[in-house]
Amino acid sequence: QVQLVESGGGLVQPGGSLRLSCLASGSTLEHAHIGWFHQAPGKEREGVSCISRSDENTYYTDSVKGRFTISRDNAKSTVYLQMNNLKPEDTGVYYCVADPAPTTVQTMCVMGWTSSFASWGQGTQVTVSS
């Protein structure tokens with residue numbers, strides 16, 4: 001099973017940018033659906049953006065459309081989440097997940113469903129504050 005490690009979080013002012021990275025080891029991400037999830041303080045974890053294994057389909061939750069971009073570099077076994085125009089409500093822990101099972105970006109991100117083969121990272125903290 002793949003191991004995932006997120007990085008790139010930190011403290012940023014409103015309107016600023018961060019790029020989160022999710023580095024995989026132990027297996028390739030090439031054949032996995034990938035998702036970024038956000039857990040705000042005191043709230044449940046929610047899907048922010050997901051990308052299909054073929055990169056044909058992407059999903060963004062409404063609150064991040066036009067601000068966040070998900071991408072992957074299979075050669076580097078890394079998935080990225082570019083976060084622009086950050087807002088205080090973007091504060092929280094961001095997790096990446098890789099799921100090799102047949103699924104859709106909607107199932108992963110909207111329903112929050114992942115298979116028993118999915119791997120989660122430990123999360124990276126993002127704080128948006130002036």
# chains A, B, ... in the order shown; residues from 1 in each chain; ligands from 1

call {"tool": "select_by_dssp", "arguments": {"residues": "chain A", "states": "alpha helix (DSSP H)", "output": "short mmCIF file (atom, residue, chain, number, x, y, z; two decimals) with N, CA and C atoms, in the first residue's frame"}}
result
data_model
loop_
_atom_site.label_atom_id
_atom_site.label_comp_id
_atom_site.auth_asym_id
_atom_site.auth_seq_id
_atom_site.Cartn_x
_atom_site.Cartn_y
_atom_site.Cartn_z
N VAL A 105 -14.59 10.78 -9.22
CA VAL A 105 -14.20 11.94 -8.41
C VAL A 105 -15.37 12.42 -7.57
N GLN A 106 -16.59 12.22 -8.09
CA GLN A 106 -17.76 12.63 -7.32
C GLN A 106 -17.95 11.73 -6.10
N THR A 107 -17.76 10.43 -6.30
CA THR A 107 -17.90 9.51 -5.18
C THR A 107 -16.87 9.81 -4.10
N MET A 108 -15.67 10.09 -4.53
CA MET A 108 -14.60 10.35 -3.57
C MET A 108 -14.79 11.69 -2.88
N CYS A 109 -14.98 12.74 -3.65
CA CYS A 109 -14.98 14.08 -3.08
C CYS A 109 -16.33 14.48 -2.49
#

call {"tool": "closest_residue", "arguments": {"among": "A:Phe68, A:Tyr94, A:Tyr60, A:Tyr80", "to": "A:Gln39", "atoms": "only C-alpha atoms"}}
result
A:Tyr94

call {"tool": "atom_distance", "arguments": {"atom1": "atom CA of A:Asp73", "atom2": "atom CA of A:Val5"}}
result
14.8 Å

call {"tool": "residues_around", "arguments": {"residues": "stretch 51-53 of chain A", "least_positions_apart": "4", "cutoff": "7 Å", "atoms": "only C-alpha atoms", "output": "PDB file with N, CA and C atoms, in the first residue's frame"}}
result
ATOM      1  N   GLU A  30       0.180   6.694 -10.255  1.00  0.00           N
ATOM      2  CA  GLU A  30      -0.281   6.800 -11.633  1.00  0.00           C
ATOM      3  C   GLU A  30      -1.646   6.180 -11.840  1.00  0.00           C
ATOM      4  N   HIS A  31      -1.939   5.109 -11.107  1.00  0.00           N
ATOM      5  CA  HIS A  31      -3.185   4.376 -11.350  1.00  0.00           C
ATOM      6  C   HIS A  31      -4.201   4.584 -10.230  1.00  0.00           C
ATOM      7  N   ALA A  32      -4.059   5.680  -9.526  1.00  0.00           N
ATOM      8  CA  ALA A  32      -4.957   5.941  -8.405  1.00  0.00           C
ATOM      9  C   ALA A  32      -5.718   7.235  -8.606  1.00  0.00           C
ATOM     10  N   HIS A  33      -6.940   7.227  -8.123  1.00  0.00           N
ATOM     11  CA  HIS A  33      -7.676   8.472  -7.994  1.00  0.00           C
ATOM     12  C   HIS A  33      -7.116   9.197  -6.766  1.00  0.00           C
ATOM     13  N   ILE A  34      -6.980  10.499  -6.870  1.00  0.00           N
ATOM     14  CA  ILE A  34      -6.376  11.273  -5.799  1.00  0.00           C
ATOM     15  C   ILE A  34      -7.350  12.334  -5.311  1.00  0.00           C
ATOM     16  N   GLY A  35      -7.372  12.537  -4.018  1.00  0.00           N
ATOM     17  CA  GLY A  35      -8.227  13.563  -3.460  1.00  0.00           C
ATOM     18  C   GLY A  35      -7.509  14.393  -2.407  1.00  0.00           C
ATOM     19  N   ASN A  57     -10.889  13.653 -15.390  1.00  0.00           N
ATOM     20  CA  ASN A  57     -11.942  14.286 -14.603  1.00  0.00           C
ATOM     21  C   ASN A  57     -11.377  14.897 -13.328  1.00  0.00           C
ATOM     22  N   THR A  58     -11.828  16.094 -13.056  1.00  0.00           N
ATOM     23  CA  THR A  58     -11.483  16.746 -11.803  1.00  0.00           C
ATOM     24  C   THR A  58     -12.746  17.268 -11.145  1.00  0.00           C
ATOM     25  N   TYR A  59     -12.668  17.431  -9.862  1.00  0.00           N
ATOM     26  CA  TYR A  59     -13.785  17.968  -9.085  1.00  0.00           C
ATOM     27  C   TYR A  59     -13.239  19.024  -8.135  1.00  0.00           C
ATOM     28  N   THR A 104     -15.217   7.263  -8.761  1.00  0.00           N
ATOM     29  CA  THR A 104     -15.322   8.512  -9.519  1.00  0.00           C
ATOM     30  C   THR A 104     -14.897   9.661  -8.615  1.00  0.00           C
ATOM     31  N   VAL A 105     -14.595  10.784  -9.223  1.00  0.00           N
ATOM     32  CA  VAL A 105     -14.198  11.935  -8.413  1.00  0.00           C
ATOM     33  C   VAL A 105     -15.374  12.420  -7.574  1.00  0.00           C
TER      34      VAL A 105
END

call {"tool": "select_by_dssp", "arguments": {"residues": "stretch 45-117 of chain A", "states": "strand (DSSP E or B)", "output": "PyMOL selection string"}}
result
chain A and resi 45-51+58-60+68-73+78-83+92-99

call {"tool": "residues_around", "arguments": {"residues": "A:Val48", "least_positions_apart": "4", "cutoff": "6 Å", "atoms": "only C-alpha atoms", "output": "ChimeraX atom specification"}}
result
/A:36-37,60-61

call {"tool": "write_last_selection", "arguments": {"atoms": "N, CA and C atoms", "output": "PDB file, in the first residue's frame"}}
result
ATOM      1  N   TRP A  36      -7.915  15.628  -2.295  1.00  0.00           N
ATOM      2  CA  TRP A  36      -7.489  16.504  -1.202  1.00  0.00           C
ATOM      3  C   TRP A  36      -8.723  16.800  -0.360  1.00  0.00           C
ATOM      4  N   PHE A  37      -8.598  16.586   0.927  1.00  0.00           N
ATOM      5  CA  PHE A  37      -9.691  16.808   1.870  1.00  0.00           C
ATOM      6  C   PHE A  37      -9.277  17.861   2.885  1.00  0.00           C
ATOM      7  N   TYR A  60     -13.983  20.098  -8.000  1.00  0.00           N
ATOM      8  CA  TYR A  60     -13.674  21.125  -7.011  1.00  0.00           C
ATOM      9  C   TYR A  60     -14.963  21.472  -6.276  1.00  0.00           C
ATOM     10  N   THR A  61     -14.893  21.533  -4.989  1.00  0.00           N
ATOM     11  CA  THR A  61     -16.058  21.985  -4.248  1.00  0.00           C
ATOM     12  C   THR A  61     -16.291  23.459  -4.560  1.00  0.00           C
TER      13      THR A  61
END

call {"tool": "atom_distance", "arguments": {"atom1": "atom CA of A:Asp62", "atom2": "atom CA of A:His38"}}
result
13.3 Å
